[in-house]
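Engineer: Next comes the structure file protein.cif, holding mmCIF, C-alpha atoms.
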data_input
#
loop_
_atom_site.label_atom_id
_atom_site.label_comp_id
_atom_site.auth_asym_id
_atom_site.auth_seq_id
_atom_site.Cartn_x
_atom_site.Cartn_y
_atom_site.Cartn_z
CA MET A 1 -116.79 323.89 -58.43
CA ARG A 2 -114.61 326.00 -56.12
CA ILE A 3 -111.09 324.87 -55.21
CA ALA A 4 -108.84 326.37 -52.53
CA VAL A 5 -105.14 326.55 -53.43
CA LEU A 6 -102.55 326.97 -50.70
CA ALA A 7 -100.60 330.04 -51.86
CA LEU A 8 -97.80 330.33 -49.31
CA GLN A 9 -95.06 329.34 -51.78
CA GLY A 10 -94.41 326.97 -54.66
CA ALA A 11 -96.15 326.45 -58.00
CA PHE A 12 -99.64 327.46 -56.87
CA ILE A 13 -100.25 329.79 -59.84
CA GLU A 14 -99.73 326.91 -62.28
CA HIS A 15 -102.32 324.83 -60.39
CA GLU A 16 -104.76 327.73 -60.57
CA GLN A 17 -104.22 328.03 -64.33
CA ARG A 18 -104.95 324.32 -64.86
CA LEU A 19 -108.09 324.48 -62.70
CA ARG A 20 -109.42 327.53 -64.52
CA GLU A 21 -108.71 325.97 -67.92
CA LEU A 22 -110.88 323.04 -66.77
CA GLY A 23 -113.69 325.41 -65.77
CA ALA A 24 -113.20 325.39 -62.00
CA GLU A 25 -113.17 328.49 -59.86
CA CYS A 26 -110.28 328.76 -57.43
CA PHE A 27 -109.06 331.04 -54.69
CA GLU A 28 -105.85 331.37 -52.72
CA ILE A 29 -105.29 330.49 -49.08
CA ARG A 30 -102.76 332.90 -47.58
CA GLN A 31 -104.21 333.37 -44.09
CA LEU A 32 -106.82 331.90 -41.78
CA SER A 33 -109.59 334.24 -42.97
CA ASP A 34 -109.13 332.89 -46.53
CA TRP A 35 -109.65 329.35 -45.26
CA HIS A 36 -113.22 330.08 -44.11
CA GLN A 37 -114.51 330.55 -47.66
CA PRO A 38 -116.68 327.78 -49.16
CA LYS A 39 -114.64 325.18 -51.04
CA ASP A 40 -115.07 321.81 -52.74
CA GLY A 41 -111.41 320.81 -52.58
CA LEU A 42 -107.89 321.87 -51.65
CA ILE A 43 -104.57 321.80 -53.49
CA LEU A 44 -101.31 321.67 -51.53
CA PRO A 45 -98.63 322.63 -54.09
CA GLY A 46 -94.91 322.00 -54.21
CA GLY A 47 -92.45 324.19 -52.40
CA GLU A 48 -90.57 323.57 -49.18
CA SER A 49 -92.56 321.34 -46.81
CA THR A 50 -90.73 322.45 -43.65
CA VAL A 51 -91.44 326.11 -44.41
CA GLN A 52 -95.06 325.32 -45.28
CA MET A 53 -95.59 323.42 -41.99
CA ARG A 54 -94.09 326.30 -40.03
CA LEU A 55 -96.36 328.78 -41.84
CA PHE A 56 -99.39 326.50 -41.22
CA SER A 57 -98.69 326.72 -37.50
CA GLN A 58 -97.91 330.45 -37.44
CA LEU A 59 -101.02 331.33 -39.45
CA GLY A 60 -103.36 329.07 -37.47
CA LEU A 61 -104.05 326.90 -40.53
CA LEU A 62 -102.64 323.58 -39.31
CA GLU A 63 -105.58 322.25 -37.33
CA PRO A 64 -108.37 323.62 -39.57
CA ILE A 65 -106.74 322.05 -42.65
CA ARG A 66 -106.08 318.73 -40.91
CA GLU A 67 -109.64 318.64 -39.56
CA ALA A 68 -111.21 319.44 -42.95
CA ILE A 69 -109.21 316.72 -44.71
CA THR A 70 -110.00 314.21 -41.96
CA LYS A 71 -113.71 315.05 -42.34
CA GLY A 72 -113.55 314.37 -46.08
CA LEU A 73 -112.47 317.52 -47.93
CA PRO A 74 -110.82 316.31 -51.17
CA VAL A 75 -107.15 317.25 -51.33
CA PHE A 76 -104.43 317.01 -53.98
CA GLY A 77 -100.84 317.32 -52.77
CA THR A 78 -97.95 317.65 -55.21
CA CYS A 79 -94.30 317.17 -54.18
CA ALA A 80 -94.09 319.13 -50.89
CA GLY A 81 -97.88 318.77 -50.72
CA MET A 82 -97.41 314.99 -50.71
CA ILE A 83 -94.96 315.35 -47.82
CA LEU A 84 -97.50 317.49 -45.94
CA LEU A 85 -100.17 314.78 -46.23
CA SER A 86 -97.82 312.05 -44.97
CA GLU A 87 -97.80 310.43 -41.54
CA GLU A 88 -94.81 312.57 -40.57
CA ARG A 89 -96.65 315.88 -41.12
CA LEU A 90 -100.45 316.32 -41.22
CA GLY A 91 -100.91 312.58 -40.85
CA THR A 92 -103.99 312.35 -43.07
CA MET A 93 -102.53 309.80 -45.55
CA SER A 94 -101.10 306.41 -44.65
CA ILE A 95 -97.79 307.06 -46.39
CA ARG A 96 -94.19 307.52 -45.31
CA VAL A 97 -92.21 309.80 -47.59
CA ARG A 98 -88.51 310.19 -48.32
CA ARG A 99 -87.78 313.88 -48.89
CA ASN A 100 -85.44 314.97 -51.72
CA ALA A 101 -85.20 311.29 -52.67
CA TYR A 102 -84.01 312.06 -56.19
CA GLY A 103 -81.34 314.47 -54.97
CA ARG A 104 -81.00 318.21 -55.25
CA GLN A 105 -82.01 320.45 -58.14
CA LEU A 106 -79.60 318.67 -60.51
CA GLY A 107 -81.48 315.44 -59.81
CA SER A 108 -84.63 316.85 -61.41
CA PHE A 109 -85.98 314.96 -64.44
CA HIS A 110 -88.97 314.37 -66.70
CA THR A 111 -90.52 311.06 -67.73
CA THR A 112 -93.87 309.59 -68.71
CA GLY A 113 -95.63 306.61 -67.25
CA HIS A 114 -98.82 304.79 -66.37
CA VAL A 115 -101.05 306.20 -63.62
CA THR A 116 -103.92 304.03 -62.38
CA GLY A 117 -107.23 305.79 -62.94
CA ILE A 118 -105.71 308.25 -65.42
CA GLY A 119 -103.97 306.34 -68.19
CA ASP A 120 -100.69 305.79 -69.97
CA ASP A 121 -98.05 308.27 -71.09
CA VAL A 122 -98.82 310.65 -68.23
CA PRO A 123 -96.07 313.30 -68.12
CA MET A 124 -94.20 313.48 -64.82
CA THR A 125 -91.87 316.36 -63.95
CA PHE A 126 -89.78 315.71 -60.84
CA ILE A 127 -88.05 318.65 -59.12
CA ARG A 128 -86.03 317.82 -55.97
CA ALA A 129 -88.74 315.21 -55.63
CA PRO A 130 -89.65 312.91 -52.79
CA TYR A 131 -91.10 309.44 -53.23
CA ILE A 132 -93.26 307.23 -51.06
CA ASP A 133 -91.12 304.88 -48.98
CA ALA A 134 -94.09 302.90 -47.69
CA ILE A 135 -97.85 302.71 -47.83
CA THR A 136 -98.90 301.88 -44.28
CA GLY A 137 -102.68 301.55 -44.54
CA ASP A 138 -104.93 299.12 -46.37
CA ASP A 139 -107.12 301.92 -47.70
CA CYS A 140 -104.22 303.66 -49.46
CA GLN A 141 -103.21 302.53 -52.94
CA SER A 142 -100.28 303.18 -55.22
CA LEU A 143 -101.21 304.95 -58.46
CA ALA A 144 -97.81 305.20 -60.15
CA VAL A 145 -94.32 303.74 -59.84
CA VAL A 146 -91.12 305.10 -61.41
CA ASP A 147 -87.83 303.20 -61.13
CA GLY A 148 -89.31 300.95 -58.45
CA HIS A 149 -90.50 303.84 -56.26
CA ILE A 150 -94.11 304.85 -55.58
CA VAL A 151 -94.58 308.39 -56.93
CA ALA A 152 -98.38 308.76 -56.70
CA ALA A 153 -101.00 307.42 -54.30
CA ARG A 154 -104.66 307.76 -53.44
CA GLN A 155 -106.43 307.27 -50.15
CA GLY A 156 -110.15 307.92 -50.43
CA HIS A 157 -110.55 311.63 -51.21
CA GLN A 158 -106.80 312.34 -51.03
CA ILE A 159 -104.31 312.08 -53.90
CA ALA A 160 -100.61 312.80 -53.73
CA THR A 161 -97.87 312.95 -56.35
CA ALA A 162 -94.10 313.29 -56.07
CA PHE A 163 -94.15 315.03 -59.45
CA HIS A 164 -95.69 318.27 -60.70
CA PRO A 165 -98.66 317.73 -63.08
CA GLU A 166 -99.28 321.48 -63.03
CA LEU A 167 -96.05 322.06 -64.98
CA ASP A 168 -97.11 319.96 -67.97
CA ASN A 169 -99.79 320.55 -70.60
CA ASP A 170 -101.65 317.36 -69.67
CA PHE A 171 -104.77 318.14 -67.67
CA ARG A 172 -105.75 314.58 -66.78
CA PHE A 173 -104.47 314.68 -63.19
CA HIS A 174 -106.32 317.90 -62.40
CA GLN A 175 -109.45 316.53 -64.05
CA TYR A 176 -109.07 313.36 -61.94
CA PHE A 177 -108.95 315.54 -58.82
CA LEU A 178 -111.98 317.60 -59.93
CA ASP A 179 -113.89 314.34 -60.50
CA ILE A 180 -113.09 313.31 -56.90
CA CYS A 181 -114.35 316.71 -55.71
CA ASP A 182 -117.51 316.35 -57.78
CA GLN A 183 -118.21 312.86 -56.41
CA HIS A 184 -117.70 314.17 -52.88
CA ARG A 185 -120.09 317.07 -53.52
CA LEU A 186 -122.78 314.75 -54.86
CA ARG A 187 -122.50 312.52 -51.78
CA GLY A 188 -122.39 315.46 -49.36
#
Please render this file's structure as structure tokens.

Structural biologist:
Amino acid sequence: MRIAVLALQGAFIEHEQRLRELGAECFEIRQLSDWHQPKDGLILPGGESTVQMRLFSQLGLLEPIREAITKGLPVFGTCAGMILLSEERLGTMSIRVRRNAYGRQLGSFHTTGHVTGIGDDVPMTFIRAPYIDAITGDDCQSLAVVDGHIVAARQGHQIATAFHPELDNDFRFHQYFLDICDQHRLRG
């Protein structure tokens, strides 16, 4: 299994470490030529979503990424990656997102909770985190709620979290994503 990791900013190295520990090969997307490599999935890490969108456009990555996701490439967006998948940005997931919903850096926190399809006591590290204000499509489902706010969702081959599973030593979320990639490969 070969996973592309957007490496423009954010916690992409931590995602790569988790993927490798689970036996997946990964490579970094830094420019358009990187994008053309074969891949079974894509990770959009945290960082600053406005900067990432601007870099997408400048590097010619915006349309190829949007098109690949729309055609079925599995994608996992964390924090800013969730914002990128939302209706307001790439528009591939039927979600509306409130940016910096938990406040600035001082509003960062850690909790555990239930995630549908993964289990209980899933660690969740929130850093200047967004949350999902609304799910706007019937094919999109909430996976996790914290303090009454949706913090994880899935729509077909796309999953998004407001928190950072790559920063915890629990590999279940990355394994969940790799399982989605594997199912997609078998169907493809």

Engineer: Might you pull out every residue within 8 Å of Ile150 in chain A, with all atoms listed in the file counted and same-chain residues fewer than 6 positions away left off, and present them as a ChimeraX atom specification?

Structural biologist: /A:131-133,142-144

Engineer: May I ask which of the residues A:Gln9, A:Ser57, A:Gln141, A:Asn169 is the closest one to Leu22 in chain A, counting only C-alpha atoms?

Structural biologist: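 Checking each candidate against Leu22 in chain A, we get A:Asn169 as the closest.
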
Engineer: For CA of Arg54 in chain A and CA of Ile29 in chain A, determine how far apart the two atoms are, in Å to one decimal place.

Structural biologist: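 If I compute the distance from CA of Arg54 in chain A to CA of Ile29 in chain A, I get 15.0 Å.
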
Engineer: So, with only C-alpha atoms as the atoms that count, which of A:Cys79, A:Leu84, A:Ala134, A:Ile69 lies closest to His157 in chain A?

Structural biologist: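 Nearest candidate to His157 in chain A out of A:Cys79, A:Leu84, A:Ala134, A:Ile69: A:Ile69.
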
Engineer: Could you expand the PyMOL selection byres ((chain A and resi 47-52) around 8) into the explicit residues it covers here, written as a ChimeraX atom specification?

Structural biologist: /A:8-11,45-46,53-56,79-81,83-84

Engineer: Put those residues in a file: C-alpha atoms, as an mmCIF file, in the frame of the given file.

Structural biologist:
data_model
loop_
_atom_site.group_PDB
_atom_site.id
_atom_site.type_symbol
_atom_site.label_atom_id
_atom_site.label_comp_id
_atom_site.auth_asym_id
_atom_site.auth_seq_id
_atom_site.Cartn_x
_atom_site.Cartn_y
_atom_site.Cartn_z
ATOM 1 C CA LEU A 8 -97.800 330.330 -49.310
ATOM 2 C CA GLN A 9 -95.060 329.340 -51.780
ATOM 3 C CA GLY A 10 -94.410 326.970 -54.660
ATOM 4 C CA ALA A 11 -96.150 326.450 -58.000
ATOM 5 C CA PRO A 45 -98.630 322.630 -54.090
ATOM 6 C CA GLY A 46 -94.910 322.000 -54.210
ATOM 7 C CA MET A 53 -95.590 323.420 -41.990
ATOM 8 C CA ARG A 54 -94.090 326.300 -40.030
ATOM 9 C CA LEU A 55 -96.360 328.780 -41.840
ATOM 10 C CA PHE A 56 -99.390 326.500 -41.220
ATOM 11 C CA CYS A 79 -94.300 317.170 -54.180
ATOM 12 C CA ALA A 80 -94.090 319.130 -50.890
ATOM 13 C CA GLY A 81 -97.880 318.770 -50.720
ATOM 14 C CA ILE A 83 -94.960 315.350 -47.820
ATOM 15 C CA LEU A 84 -97.500 317.490 -45.940
#

Engineer: Identify which of the residues A:Thr111, A:Gln175, A:Glu87, A:Cys181 lies closest to Thr136 in chain A, counting all atoms listed in the file when measuring atom-to-atom distances.

Structural biologist: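 Among the listed residues, the smallest separation from Thr136 in chain A belongs to A:Glu87.
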
Engineer: Take the PyMOL selection byres ((chain A and resi 113-116) around 9), run it mentally on this structure, and tell me the resulting residues as a list in words.

Structural biologist: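 Output of the PyMOL selection byres ((chain A and resi 113-116) around 9): Thr111, Thr112, Gly117, Ile118, Gly119, Asp120, Asp121, Val122, Pro123, Met124, Ser142, Leu143, Ala144, Val145, Val146 and Ala152 of chain A.
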
Engineer: With only C-alpha atoms as the atoms that count, which of A:Leu6, A:Glu28, A:Thr125, A:Gln158 lies nearest to Asp139 in chain A?

Structural biologist: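 So, comparing all the options, the nearest one is A:Gln158.
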
Engineer: Have a look at A:His184, A:Lys71, A:His174, A:Arg98 and name the one nearest to Ala162 in chain A; count all atoms listed in the file.

Structural biologist: A:Arg98

Engineer: Care to translate the PyMOL selection byres ((chain A and resi 25) around 8) into actual residues of this file, as a PyMOL selection string?

Structural biologist: chain A and resi 1-3+19-20+23-24+26-27

Engineer: Do you know which residues are at most 9 Å from range 35-37 of chain A counting all atoms listed in the file, after dropping those on the same chain fewer than 2 positions away, and could you put them as a PyMOL selection string?

Structural biologist: chain A and resi 4+27-33+39+61+64-65
